[in-house]
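Asks: My structure is stored as query-v9.cif, with mmCIF, C-alpha atoms.
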data_data
loop_
_atom_site.label_atom_id
_atom_site.label_comp_id
_atom_site.auth_asym_id
_atom_site.auth_seq_id
_atom_site.Cartn_x
_atom_site.Cartn_y
_atom_site.Cartn_z
CA VAL A 195 10.64 14.24 -4.76
CA PRO A 196 8.79 15.27 -1.60
CA ARG A 197 7.27 12.59 0.66
CA GLN A 198 4.36 14.30 2.35
CA SER A 199 0.64 14.04 2.97
CA ASN A 200 -1.69 13.62 0.02
CA ASP A 201 -3.40 16.92 0.74
CA ASP A 202 -0.05 18.70 0.86
CA THR A 203 1.00 17.16 -2.45
CA ILE A 204 -2.20 18.34 -4.14
CA ALA A 205 -1.89 21.86 -2.70
CA LYS A 206 1.73 22.24 -3.74
CA ALA A 207 1.01 20.87 -7.21
CA LYS A 208 -1.92 23.23 -7.66
CA ASN A 209 0.00 26.28 -6.51
CA ARG A 210 3.41 25.11 -7.82
CA ALA A 211 4.79 25.95 -4.38
CA GLY A 212 8.56 25.55 -4.46
CA ASP A 213 8.38 25.03 -8.24
CA ILE A 214 8.23 21.24 -7.91
CA ASP A 215 8.97 19.13 -11.00
CA VAL A 216 8.46 15.52 -9.84
CA VAL A 217 6.07 14.18 -7.22
CA LEU A 218 5.55 10.81 -5.54
CA VAL A 219 1.87 9.87 -5.87
CA ASP A 220 -0.47 6.90 -5.58
CA GLY A 221 -3.89 5.90 -6.83
CA THR A 222 -5.61 8.23 -4.38
CA THR A 223 -3.68 11.37 -5.36
CA PHE A 224 -3.03 10.79 -9.06
CA PRO A 225 -6.67 11.32 -10.20
CA GLN A 226 -6.74 14.63 -8.35
CA LEU A 227 -3.61 15.85 -10.11
CA GLU A 228 -4.99 14.66 -13.43
CA ALA A 229 -8.22 16.56 -12.81
CA LEU A 230 -6.21 19.71 -12.12
CA GLY A 231 -4.51 19.36 -15.51
CA VAL A 232 -1.03 19.81 -14.05
CA LEU A 233 0.67 16.61 -15.29
CA ALA A 234 3.13 16.24 -18.16
CA GLU A 235 3.39 13.01 -20.14
CA LEU A 236 6.36 10.76 -19.46
CA GLY A 237 6.92 10.34 -23.16
CA PRO A 238 9.22 8.02 -25.13
CA THR A 239 12.41 9.23 -23.43
CA VAL A 240 11.38 7.41 -20.23
CA GLY A 241 12.21 4.09 -21.84
CA ASN A 242 13.15 2.42 -18.57
CA ILE A 243 9.48 2.24 -17.64
CA SER A 244 9.65 -1.05 -19.53
CA ASN A 245 11.66 -2.46 -16.59
CA ILE A 246 8.53 -2.26 -14.40
CA ASP A 247 6.62 -5.54 -14.21
CA GLU A 248 3.31 -5.61 -16.07
CA ALA A 249 1.48 -6.24 -12.79
CA TYR A 250 2.25 -2.64 -11.76
CA ARG A 251 1.51 -0.98 -15.10
CA GLY A 252 -1.72 -0.19 -16.93
CA ASN A 253 -3.45 0.87 -13.73
CA VAL A 254 -7.04 2.03 -13.76
CA TRP A 255 -5.97 5.61 -13.07
CA ASP A 256 -3.41 5.60 -15.92
CA PRO A 257 -4.17 2.63 -18.20
CA ASP A 258 -1.72 3.65 -20.94
CA ASP A 259 1.22 4.50 -18.63
CA ARG A 260 1.31 8.03 -19.95
CA TYR A 261 1.89 9.83 -16.65
CA PHE A 262 2.68 7.37 -13.83
CA ALA A 263 5.83 5.29 -13.27
CA ALA A 264 5.44 2.86 -10.36
CA THR A 265 8.25 2.67 -7.80
CA ASP A 266 7.07 0.48 -4.90
CA PHE A 267 3.98 -0.96 -3.26
CA GLY A 268 2.77 -2.35 0.04
CA ARG A 269 -0.03 -4.82 0.60
CA THR A 270 -2.05 -5.45 3.74
CA GLY A 271 -2.35 -8.94 5.17
CA ILE A 272 -2.39 -11.00 8.35
CA ALA A 273 0.58 -11.65 10.61
CA PHE A 274 0.72 -13.81 13.71
CA ARG A 275 3.02 -15.47 16.21
CA ARG A 276 3.00 -19.15 15.29
CA ASP A 277 4.46 -20.03 18.71
CA LEU A 278 1.64 -18.26 20.56
CA LEU A 279 -1.40 -18.85 18.35
CA ASP A 280 -2.83 -22.36 18.04
CA THR A 281 -4.63 -21.79 14.72
CA THR A 282 -3.19 -20.54 11.44
CA PRO A 283 -5.49 -17.92 9.89
CA GLU A 284 -6.05 -18.23 6.16
CA SER A 285 -8.47 -15.38 5.52
CA PHE A 286 -9.66 -12.04 6.85
CA ALA A 287 -12.71 -13.93 8.12
CA ASP A 288 -10.38 -16.17 10.13
CA PHE A 289 -8.59 -13.10 11.48
CA TYR A 290 -11.91 -11.63 12.58
CA ASP A 291 -12.98 -14.83 14.37
CA LEU A 292 -9.57 -15.36 16.00
CA ALA A 293 -9.55 -11.79 17.29
CA ALA A 294 -12.51 -12.56 19.54
CA ALA A 295 -10.85 -15.76 20.75
CA ASN A 296 -7.61 -13.91 21.54
CA SER A 297 -9.04 -10.69 22.90
CA GLY A 298 -6.50 -8.12 24.02
CA LYS A 299 -3.69 -9.64 21.95
CA VAL A 300 -4.69 -8.21 18.56
CA VAL A 301 -3.45 -5.10 16.75
CA VAL A 302 -4.49 -3.43 13.52
CA LEU A 303 -2.73 -0.88 11.37
CA ASP A 304 -3.64 2.75 11.94
CA TYR A 305 -4.47 3.41 8.29
CA GLN A 306 -8.04 3.78 7.13
CA ARG A 307 -7.61 2.56 3.54
CA SER A 308 -5.78 -0.61 4.56
CA VAL A 309 -8.09 -1.67 7.39
CA MET A 310 -11.42 -0.65 5.87
CA GLY A 311 -10.34 -2.00 2.48
CA SER A 312 -9.48 -5.34 4.06
CA MET A 313 -12.87 -5.47 5.76
CA MET A 314 -14.51 -4.66 2.41
CA LYS A 315 -12.69 -7.69 1.01
CA MET A 316 -13.84 -9.85 3.93
CA LEU A 317 -17.46 -8.81 3.39
CA GLY A 318 -17.29 -9.43 -0.36
CA HIS A 319 -17.44 -5.80 -1.46
CA PRO A 320 -15.15 -3.86 -3.85
CA PRO A 321 -12.25 -2.65 -1.69
CA SER A 322 -12.71 1.01 -2.66
CA SER A 323 -16.52 0.91 -2.58
CA VAL A 324 -18.30 4.17 -1.79
CA ASP A 325 -21.70 2.49 -1.48
CA GLN A 326 -23.01 3.76 1.85
CA SER A 327 -24.46 0.37 2.80
CA HIS A 328 -21.02 -1.22 2.30
CA ILE A 329 -19.35 1.49 4.34
CA ASP A 330 -21.90 1.01 7.13
CA GLU A 331 -21.26 -2.76 7.16
CA VAL A 332 -17.52 -2.18 7.48
CA ARG A 333 -18.03 0.38 10.24
CA ASP A 334 -20.23 -2.00 12.22
CA ALA A 335 -17.79 -4.90 11.78
CA LEU A 336 -14.90 -2.76 13.01
CA ILE A 337 -16.85 -1.45 15.99
CA GLU A 338 -17.62 -5.06 16.93
CA LEU A 339 -13.92 -5.88 16.59
CA LYS A 340 -12.76 -2.89 18.64
CA PRO A 341 -13.16 -4.35 22.18
CA HIS A 342 -10.76 -7.17 21.28
CA LEU A 343 -7.94 -4.88 20.13
CA LEU A 344 -4.81 -4.19 22.08
CA ALA A 345 -4.06 -1.21 19.87
CA ILE A 346 -4.61 0.58 16.58
CA SER A 347 -0.98 1.19 15.78
CA THR A 348 1.54 2.33 13.19
CA GLU A 349 4.01 -0.25 14.52
CA VAL A 350 2.12 -3.55 14.60
CA GLY A 351 5.33 -5.38 13.64
CA LYS A 352 7.14 -4.33 16.81
CA GLN A 353 4.25 -5.48 18.98
CA LEU A 354 4.21 -8.86 17.26
CA ALA A 355 7.97 -9.32 17.52
CA SER A 356 7.89 -8.56 21.25
CA GLY A 357 4.96 -10.90 21.92
CA GLU A 358 2.81 -8.09 23.23
CA ALA A 359 0.46 -8.98 20.37
CA ILE A 360 -0.01 -12.39 18.76
CA LEU A 361 -2.28 -11.47 15.82
CA ALA A 362 -2.15 -8.43 13.55
CA LEU A 363 -3.51 -6.78 10.46
CA GLY A 364 -0.54 -5.00 8.94
CA ASP A 365 1.51 -4.02 5.90
CA ALA A 366 4.13 -6.32 4.38
CA TYR A 367 7.12 -4.00 4.78
CA ASP A 368 6.47 -3.63 8.52
CA ILE A 369 5.97 -7.36 9.03
CA TYR A 370 9.15 -8.10 7.07
CA THR A 371 11.10 -6.09 9.64
CA ALA A 372 9.33 -7.93 12.47
CA MET A 373 10.27 -11.27 10.93
CA GLN A 374 13.93 -10.26 10.94
CA ALA A 375 13.60 -9.47 14.66
CA ASN A 376 11.72 -12.67 15.57
CA ASP A 377 11.47 -15.69 13.29
CA ALA A 378 8.27 -16.83 15.03
CA VAL A 379 6.40 -14.03 13.23
CA GLU A 380 4.55 -15.42 10.21
CA TRP A 381 2.72 -13.74 7.33
CA VAL A 382 -0.48 -14.83 5.57
CA ASP A 383 -1.82 -13.64 2.20
CA PRO A 384 -5.59 -13.85 2.89
CA SER A 385 -7.70 -15.97 0.57
CA GLU A 386 -10.05 -13.06 -0.17
CA GLY A 387 -7.20 -11.13 -1.81
CA GLN A 388 -5.58 -7.95 -0.56
CA VAL A 389 -5.58 -4.19 -0.78
CA ALA A 390 -2.37 -2.30 -1.39
CA TYR A 391 -0.92 1.11 -2.10
CA LEU A 392 1.08 1.59 -5.28
CA GLU A 393 3.41 4.58 -5.30
CA GLY A 394 5.07 6.09 -8.32
CA LEU A 395 6.57 9.15 -9.93
CA ALA A 396 4.68 11.76 -11.95
CA ILE A 397 5.88 14.96 -13.61
CA LEU A 398 4.25 18.34 -13.02
CA ASP A 399 4.04 20.22 -16.30
CA GLY A 400 6.57 23.06 -16.35
CA PRO A 401 9.71 24.54 -17.89
CA ARG A 402 11.96 21.59 -17.00
CA ASN A 403 9.91 18.66 -18.32
CA ASP A 404 12.82 17.18 -20.26
CA LEU A 405 15.05 17.28 -17.19
CA ALA A 406 12.27 15.74 -15.09
CA ARG A 407 11.85 12.95 -17.65
CA ALA A 408 15.57 12.27 -17.56
CA PHE A 409 15.42 12.04 -13.77
CA VAL A 410 12.51 9.56 -13.82
CA ASP A 411 14.26 7.46 -16.46
CA PHE A 412 17.45 7.50 -14.36
CA ARG A 413 15.52 6.31 -11.28
CA LEU A 414 14.19 3.37 -13.29
CA ARG A 415 17.57 2.11 -14.45
CA PRO A 416 18.08 -1.39 -13.00
CA GLU A 417 21.15 -0.42 -10.96
CA GLN A 418 19.58 2.75 -9.57
CA TYR A 419 16.31 1.03 -8.82
CA ALA A 420 18.07 -1.83 -7.02
CA ASP A 421 19.97 0.67 -4.87
CA PHE A 422 16.65 2.27 -3.89
CA ILE A 423 15.03 -1.05 -2.90
CA ASN A 424 18.16 -2.26 -1.09
CA THR A 425 18.16 0.95 0.95
CA VAL A 426 14.50 1.10 1.97
CA ASN A 427 13.70 -2.68 2.13
CA SER A 428 10.43 -2.08 0.33
CA ALA A 429 8.37 -4.28 -1.97
CA GLY A 430 9.60 -3.55 -5.46
CA VAL A 431 8.02 -3.42 -8.89
CA MET A 432 10.94 -5.05 -10.72
CA PRO A 433 10.77 -8.64 -9.44
CA ASP A 434 13.38 -9.87 -11.95
CA ASN A 435 16.02 -7.27 -11.11
CA ASP A 436 18.91 -9.46 -9.93
CA LEU A 437 20.80 -6.42 -8.61
CA ILE A 438 18.37 -6.31 -5.68
CA ASP A 439 19.82 -7.98 -2.58
CA GLU A 440 18.97 -11.69 -2.59
CA PRO A 441 17.03 -11.74 0.72
CA LEU A 442 14.74 -9.02 -0.61
CA LEU A 443 14.47 -10.50 -4.08
CA THR A 444 13.62 -14.00 -2.87
CA SER A 445 11.32 -12.99 -0.02
CA PRO A 446 7.73 -13.99 -0.92
CA LEU A 447 6.65 -11.25 1.44
CA LEU A 448 8.39 -8.43 -0.45
CA ASN A 449 8.44 -10.09 -3.86
CA PRO A 450 5.20 -12.09 -4.12
CA GLY A 451 4.52 -14.49 -6.95
CA PRO A 452 2.03 -14.03 -9.79
CA GLU A 453 -0.83 -15.77 -7.96
CA VAL A 454 -0.65 -13.34 -5.04
CA ARG A 455 -0.14 -10.33 -7.32
CA SER A 456 -3.22 -11.27 -9.33
CA ARG A 457 -5.41 -10.88 -6.22
CA ILE A 458 -4.16 -7.43 -5.22
CA ASP A 459 -6.40 -4.38 -5.57
CA PHE A 460 -4.63 -1.05 -5.33
CA HIS A 461 -6.22 1.82 -3.40
CA ASP A 462 -8.34 3.87 -5.76
CA PHE A 463 -9.59 7.44 -5.51
CA LEU A 464 -12.72 7.65 -3.36
CA GLY A 465 -13.90 11.01 -4.65
CA GLU A 466 -16.88 12.35 -2.74
CA GLY A 467 -17.05 9.04 -0.89
CA ALA A 468 -13.91 9.93 1.08
CA GLU A 469 -15.99 11.84 3.65
CA ALA A 470 -18.20 8.81 4.35
CA TRP A 471 -15.10 6.60 4.74
CA GLN A 472 -13.59 9.09 7.19
CA THR A 473 -16.82 9.29 9.19
CA ALA A 474 -16.92 5.50 9.49
CA TRP A 475 -13.23 5.34 10.47
CA ASP A 476 -13.73 8.02 13.13
CA ALA A 477 -16.71 6.07 14.53
CA PHE A 478 -14.53 2.94 14.82
CA LYS A 479 -11.62 4.70 16.49
CA SER A 480 -13.84 6.52 18.98
CA ALA A 481 -15.99 3.48 19.82
#
Produce structure tokens that represent the structure in this file.
Replies:
Amino acid sequence: VPRQSNDDTIAKAKNRAGDIDVVLVDGTTFPQLEALGVLAELGPTVGNISNIDEAYRGNVWDPDDRYFAATDFGRTGIAFRRDLLDTTPESFADFYDLAAANSGKVVVLDYQRSVMGSMMKMLGHPPSSVDQSHIDEVRDALIELKPHLLAISTEVGKQLASGEAILALGDAYDIYTAMQANDAVEWVDPSEGQVAYLEGLAILDGPRNDLARAFVDFRLRPEQYADFINTVNSAGVMPDNDLIDEPLLTSPLLNPGPEVRSRIDFHDFLGEGAEAWQTAWDAFKSA
């Protein structure tokens, strides 16, 4: 199961490079594979898909769970140093206001979908909107935020834990690690809701479909799935699997409750709007 860029996954699936049977995909890549007509149905032999919580099934890109078996997810929220910040943020709007008041001590994740999607939420727009006026609003808000940033980083958790930054927009798995390093790091699920990626397994139609189905079903056995989550410390899609290590299973950061899960929007395919998103992101980063 190759972990690689979305573009690389699509190219290899289209050309069957390396004769791949199973791929790890998300809501941005799955529709492209479906459009190519290269997917095989999971079918009734993948019975362990029933172990996946309903919150991570029936997704807009595969509403009947015919092709996609979720494995893990990661949501974007606010993190801060409670010993260094006087005010507790409760929303993305609070984050935005506090960034100006704490200029030079703020970091955001270096991932377009997470940051722009969060700003869409803050501005009251659908988080995967391709409306050009919405994209322009997000671009302008981010450009206004830019002078107050310490960094646009893939490691916002490390900067929080060290105290180099005191406020961050980041992903849960990264902040979880930071919290283990420094217990003054705190996480907030913003009131506007959150954007998240949802990864899962899909089968490329080919001569070994039955073997691929057996592999996916094996990965979704409770004991195998728990071993996966215990190894990678990720947010899982089987919140009732008591074979997962207790700190991971009971962490509201990695295993959020129903109220938080109900306000999560997973990244969706942008289609032709992807170019406009990229143009806006480039304008922010170069500002």
Asks: Step by step, work through what the PyMOL selection byres ((chain A and resi 280) around 12) selects in the shown file, and finish by giving those residues as a CSV table (one decimal) with C-alpha atoms, in the frame of the given file.
Replies:
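Done, and the output landed in selection_22.csv:
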chain,number,residue,atom,x,y,z
A,274,PHE,CA,0.7,-13.8,13.7
A,275,ARG,CA,3.0,-15.5,16.2
A,276,ARG,CA,3.0,-19.2,15.3
A,277,ASP,CA,4.5,-20.0,18.7
A,278,LEU,CA,1.6,-18.3,20.6
A,279,LEU,CA,-1.4,-18.8,18.4
A,281,THR,CA,-4.6,-21.8,14.7
A,282,THR,CA,-3.2,-20.5,11.4
A,283,PRO,CA,-5.5,-17.9,9.9
A,292,LEU,CA,-9.6,-15.4,16.0
A,295,ALA,CA,-10.8,-15.8,20.8
A,296,ASN,CA,-7.6,-13.9,21.5
A,360,ILE,CA,0.0,-12.4,18.8
A,361,LEU,CA,-2.3,-11.5,15.8
Asks: List the residues matched by the PyMOL selection byres ((chain A and resi 466) around 12) in the displayed structure as a VMD selection string, ordered by chain and then by residue number.
Replies: chain A and resid 226 323 to 326 463 to 465 467 to 472
Asks: Got time to write the residues from that selection, C-alpha atoms, as a short mmCIF file (atom, residue, chain, number, x, y, z; two decimals), in the frame of the given file?
Replies:
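Dumped everything to result-v7.cif:
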data_model
loop_
_atom_site.label_atom_id
_atom_site.label_comp_id
_atom_site.auth_asym_id
_atom_site.auth_seq_id
_atom_site.Cartn_x
_atom_site.Cartn_y
_atom_site.Cartn_z
CA GLN A 226 -6.74 14.63 -8.35
CA SER A 323 -16.52 0.91 -2.58
CA VAL A 324 -18.30 4.17 -1.79
CA ASP A 325 -21.70 2.49 -1.48
CA GLN A 326 -23.01 3.76 1.85
CA PHE A 463 -9.59 7.44 -5.51
CA LEU A 464 -12.72 7.65 -3.36
CA GLY A 465 -13.90 11.01 -4.65
CA GLY A 467 -17.05 9.04 -0.89
CA ALA A 468 -13.91 9.93 1.08
CA GLU A 469 -15.99 11.84 3.65
CA ALA A 470 -18.20 8.81 4.35
CA TRP A 471 -15.10 6.60 4.74
CA GLN A 472 -13.59 9.09 7.19
#
Asks: Let me make sure I understand: among A:Arg413, A:Gly357, A:Gly311, A:Val219, which one has the smallest atom-to-atom distance to A:Leu233 if we use only C-alpha atoms?
Replies: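 Checking each candidate against A:Leu233, we get A:Val219 as the closest.
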Asks: Excluding A:Asp383 and residues on its chain fewer than 3 positions from it, collect all residues at most 8 Å away from it, counting all atoms listed in the file, and give them as JSON, numbers by chain.
Replies: {"A": [271, 272, 284, 285, 387, 388, 454]}
Asks: Which residue gives the smallest distance to A:Pro450 among A:Met373, A:Ala481, A:Val382, A:Ala234, with all atoms listed in the file counted?
Replies: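 Comparing A:Met373, A:Ala481, A:Val382, A:Ala234 against A:Pro450, the winner is A:Val382.
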Asks: For atom CA of A:Tyr305 and atom CA of A:Pro341, determine how far apart the two atoms are, in Å to one decimal place.
Replies: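 Between atom CA of A:Tyr305 and atom CA of A:Pro341 the gap works out to 18.1 Å.
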Asks: Can you pull out every residue within 9 Å of A:Asp439, counting all atoms listed in the file, but drop anything in the same chain fewer than 3 positions away, and send it as a list in words?
Replies: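 Here the answer would be Ala420, Asp421, Ile423, Asn424, Asp436, Leu442, Leu443 and Thr444 of chain A.
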Asks: Using all atoms listed in the file, which of A:Lys340, A:His461, A:Arg415, A:Lys299 sits nearest A:Pro320?
Replies: A:His461
Asks: Record the distance separating atom CA of A:Glu235 and atom CA of A:Ile397, expressed in Å with one decimal.
Replies: 7.3 Å
Asks: On this structure, the PyMOL selection byres ((chain A and resi 264-269) around 6) would catch which residues? List them as a PyMOL selection string, sorted by chain and number.
Replies: chain A and resi 263+270+365-366+389-394+429-431
Asks: Next, dump the selected residues to file, keeping only C-alpha atoms, as a compact mmCIF listing (two decimals), keeping the file's coordinate frame.
Replies:
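So out-v1.txt came out as:
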# COMPACT_ATOMS: atom_id res chain seq x y z
CA ALA A 263 5.83 5.29 -13.27
CA THR A 270 -2.05 -5.45 3.74
CA ASP A 365 1.51 -4.02 5.90
CA ALA A 366 4.13 -6.32 4.38
CA VAL A 389 -5.58 -4.19 -0.78
CA ALA A 390 -2.37 -2.30 -1.39
CA TYR A 391 -0.92 1.11 -2.10
CA LEU A 392 1.08 1.59 -5.28
CA GLU A 393 3.41 4.58 -5.30
CA GLY A 394 5.07 6.09 -8.32
CA ALA A 429 8.37 -4.28 -1.97
CA GLY A 430 9.60 -3.55 -5.46
CA VAL A 431 8.02 -3.42 -8.89
Asks: A:Ala229: which residues within 12 Å, counting all atoms listed in the file, same-chain residues fewer than 4 positions away excluded, as a PyMOL selection string?
Replies: chain A and resi 204+207-208+223-225+233+255+463+465
Asks: Using only C-alpha atoms for the distances, tell me which of A:Gly451, A:Pro416, A:Gly252, A:Gly400 is nearest to A:Val216.
Replies: A:Gly400
Asks: What is the atom CA of A:Val217 to atom CA of A:Leu395 distance in Å?
Replies: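 If I compute the distance from atom CA of A:Val217 to atom CA of A:Leu395, I get 5.7 Å.
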Asks: Here is a test: counting all atoms listed in the file, which residue of A:His342, A:Arg407, A:His319, A:Arg402 is nearest to A:Val300?
Replies: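 Residue with the minimum atom-to-atom distance to A:Val300: A:His342.
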Asks: Quick one: of A:Gly221, A:Asp304, A:Ala408, A:Glu380, who's nearest to A:Val254, counting all atoms listed in the file?
Replies: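 Residue with the minimum atom-to-atom distance to A:Val254: A:Gly221.
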Asks: Any idea what's packed within 12 Å of A:Lys352, counting all atoms listed in the file, ignoring anything in its chain fewer than 2 positions away? Could you give it as a list in words?
Replies: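 Skipping anything fewer than 2 positions along the chain leaves Ala273, Phe274, Arg275, Val301, Leu303, Ser347, Thr348, Glu349, Val350, Leu354, Ala355, Ser356, Gly357, Glu358, Ala359, Ile360, Leu361, Ala362, Gly364, Asp368, Ile369, Tyr370, Thr371, Ala372, Met373, Gln374, Ala375, Asn376 and Val379 of chain A.
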Asks: Kindly save the residues from that selection, with C-alpha atoms included, as a PDB file, in the coordinates of the input.
Replies:
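Saved file out.pdb follows:
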ATOM      1  CA  ALA A 273       0.580 -11.650  10.610  1.00  0.00           C
ATOM      2  CA  PHE A 274       0.720 -13.810  13.710  1.00  0.00           C
ATOM      3  CA  ARG A 275       3.020 -15.470  16.210  1.00  0.00           C
ATOM      4  CA  VAL A 301      -3.450  -5.100  16.750  1.00  0.00           C
ATOM      5  CA  LEU A 303      -2.730  -0.880  11.370  1.00  0.00           C
ATOM      6  CA  SER A 347      -0.980   1.190  15.780  1.00  0.00           C
ATOM      7  CA  THR A 348       1.540   2.330  13.190  1.00  0.00           C
ATOM      8  CA  GLU A 349       4.010  -0.250  14.520  1.00  0.00           C
ATOM      9  CA  VAL A 350       2.120  -3.550  14.600  1.00  0.00           C
ATOM     10  CA  LEU A 354       4.210  -8.860  17.260  1.00  0.00           C
ATOM     11  CA  ALA A 355       7.970  -9.320  17.520  1.00  0.00           C
ATOM     12  CA  SER A 356       7.890  -8.560  21.250  1.00  0.00           C
ATOM     13  CA  GLY A 357       4.960 -10.900  21.920  1.00  0.00           C
ATOM     14  CA  GLU A 358       2.810  -8.090  23.230  1.00  0.00           C
ATOM     15  CA  ALA A 359       0.460  -8.980  20.370  1.00  0.00           C
ATOM     16  CA  ILE A 360      -0.010 -12.390  18.760  1.00  0.00           C
ATOM     17  CA  LEU A 361      -2.280 -11.470  15.820  1.00  0.00           C
ATOM     18  CA  ALA A 362      -2.150  -8.430  13.550  1.00  0.00           C
ATOM     19  CA  GLY A 364      -0.540  -5.000   8.940  1.00  0.00           C
ATOM     20  CA  ASP A 368       6.470  -3.630   8.520  1.00  0.00           C
ATOM     21  CA  ILE A 369       5.970  -7.360   9.030  1.00  0.00           C
ATOM     22  CA  TYR A 370       9.150  -8.100   7.070  1.00  0.00           C
ATOM     23  CA  THR A 371      11.100  -6.090   9.640  1.00  0.00           C
ATOM     24  CA  ALA A 372       9.330  -7.930  12.470  1.00  0.00           C
ATOM     25  CA  MET A 373      10.270 -11.270  10.930  1.00  0.00           C
ATOM     26  CA  GLN A 374      13.930 -10.260  10.940  1.00  0.00           C
ATOM     27  CA  ALA A 375      13.600  -9.470  14.660  1.00  0.00           C
ATOM     28  CA  ASN A 376      11.720 -12.670  15.570  1.00  0.00           C
ATOM     29  CA  VAL A 379       6.400 -14.030  13.230  1.00  0.00           C
TER      30      VAL A 379
END
Asks: With all atoms listed in the file as the counted atoms, please give the residues lying no more than 8 Å from A:Ala477, apart from itself and same-chain residues fewer than 3 positions off, as a PDB file with C-alpha atoms, in the coordinates of the input.
Replies:
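Writing done, so here's out-v5.pdb:
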ATOM      1  CA  ARG A 333     -18.030   0.380  10.240  1.00  0.00           C
ATOM      2  CA  ILE A 337     -16.850  -1.450  15.990  1.00  0.00           C
ATOM      3  CA  THR A 473     -16.820   9.290   9.190  1.00  0.00           C
ATOM      4  CA  ALA A 474     -16.920   5.500   9.490  1.00  0.00           C
ATOM      5  CA  SER A 480     -13.840   6.520  18.980  1.00  0.00           C
ATOM      6  CA  ALA A 481     -15.990   3.480  19.820  1.00  0.00           C
TER       7      ALA A 481
END
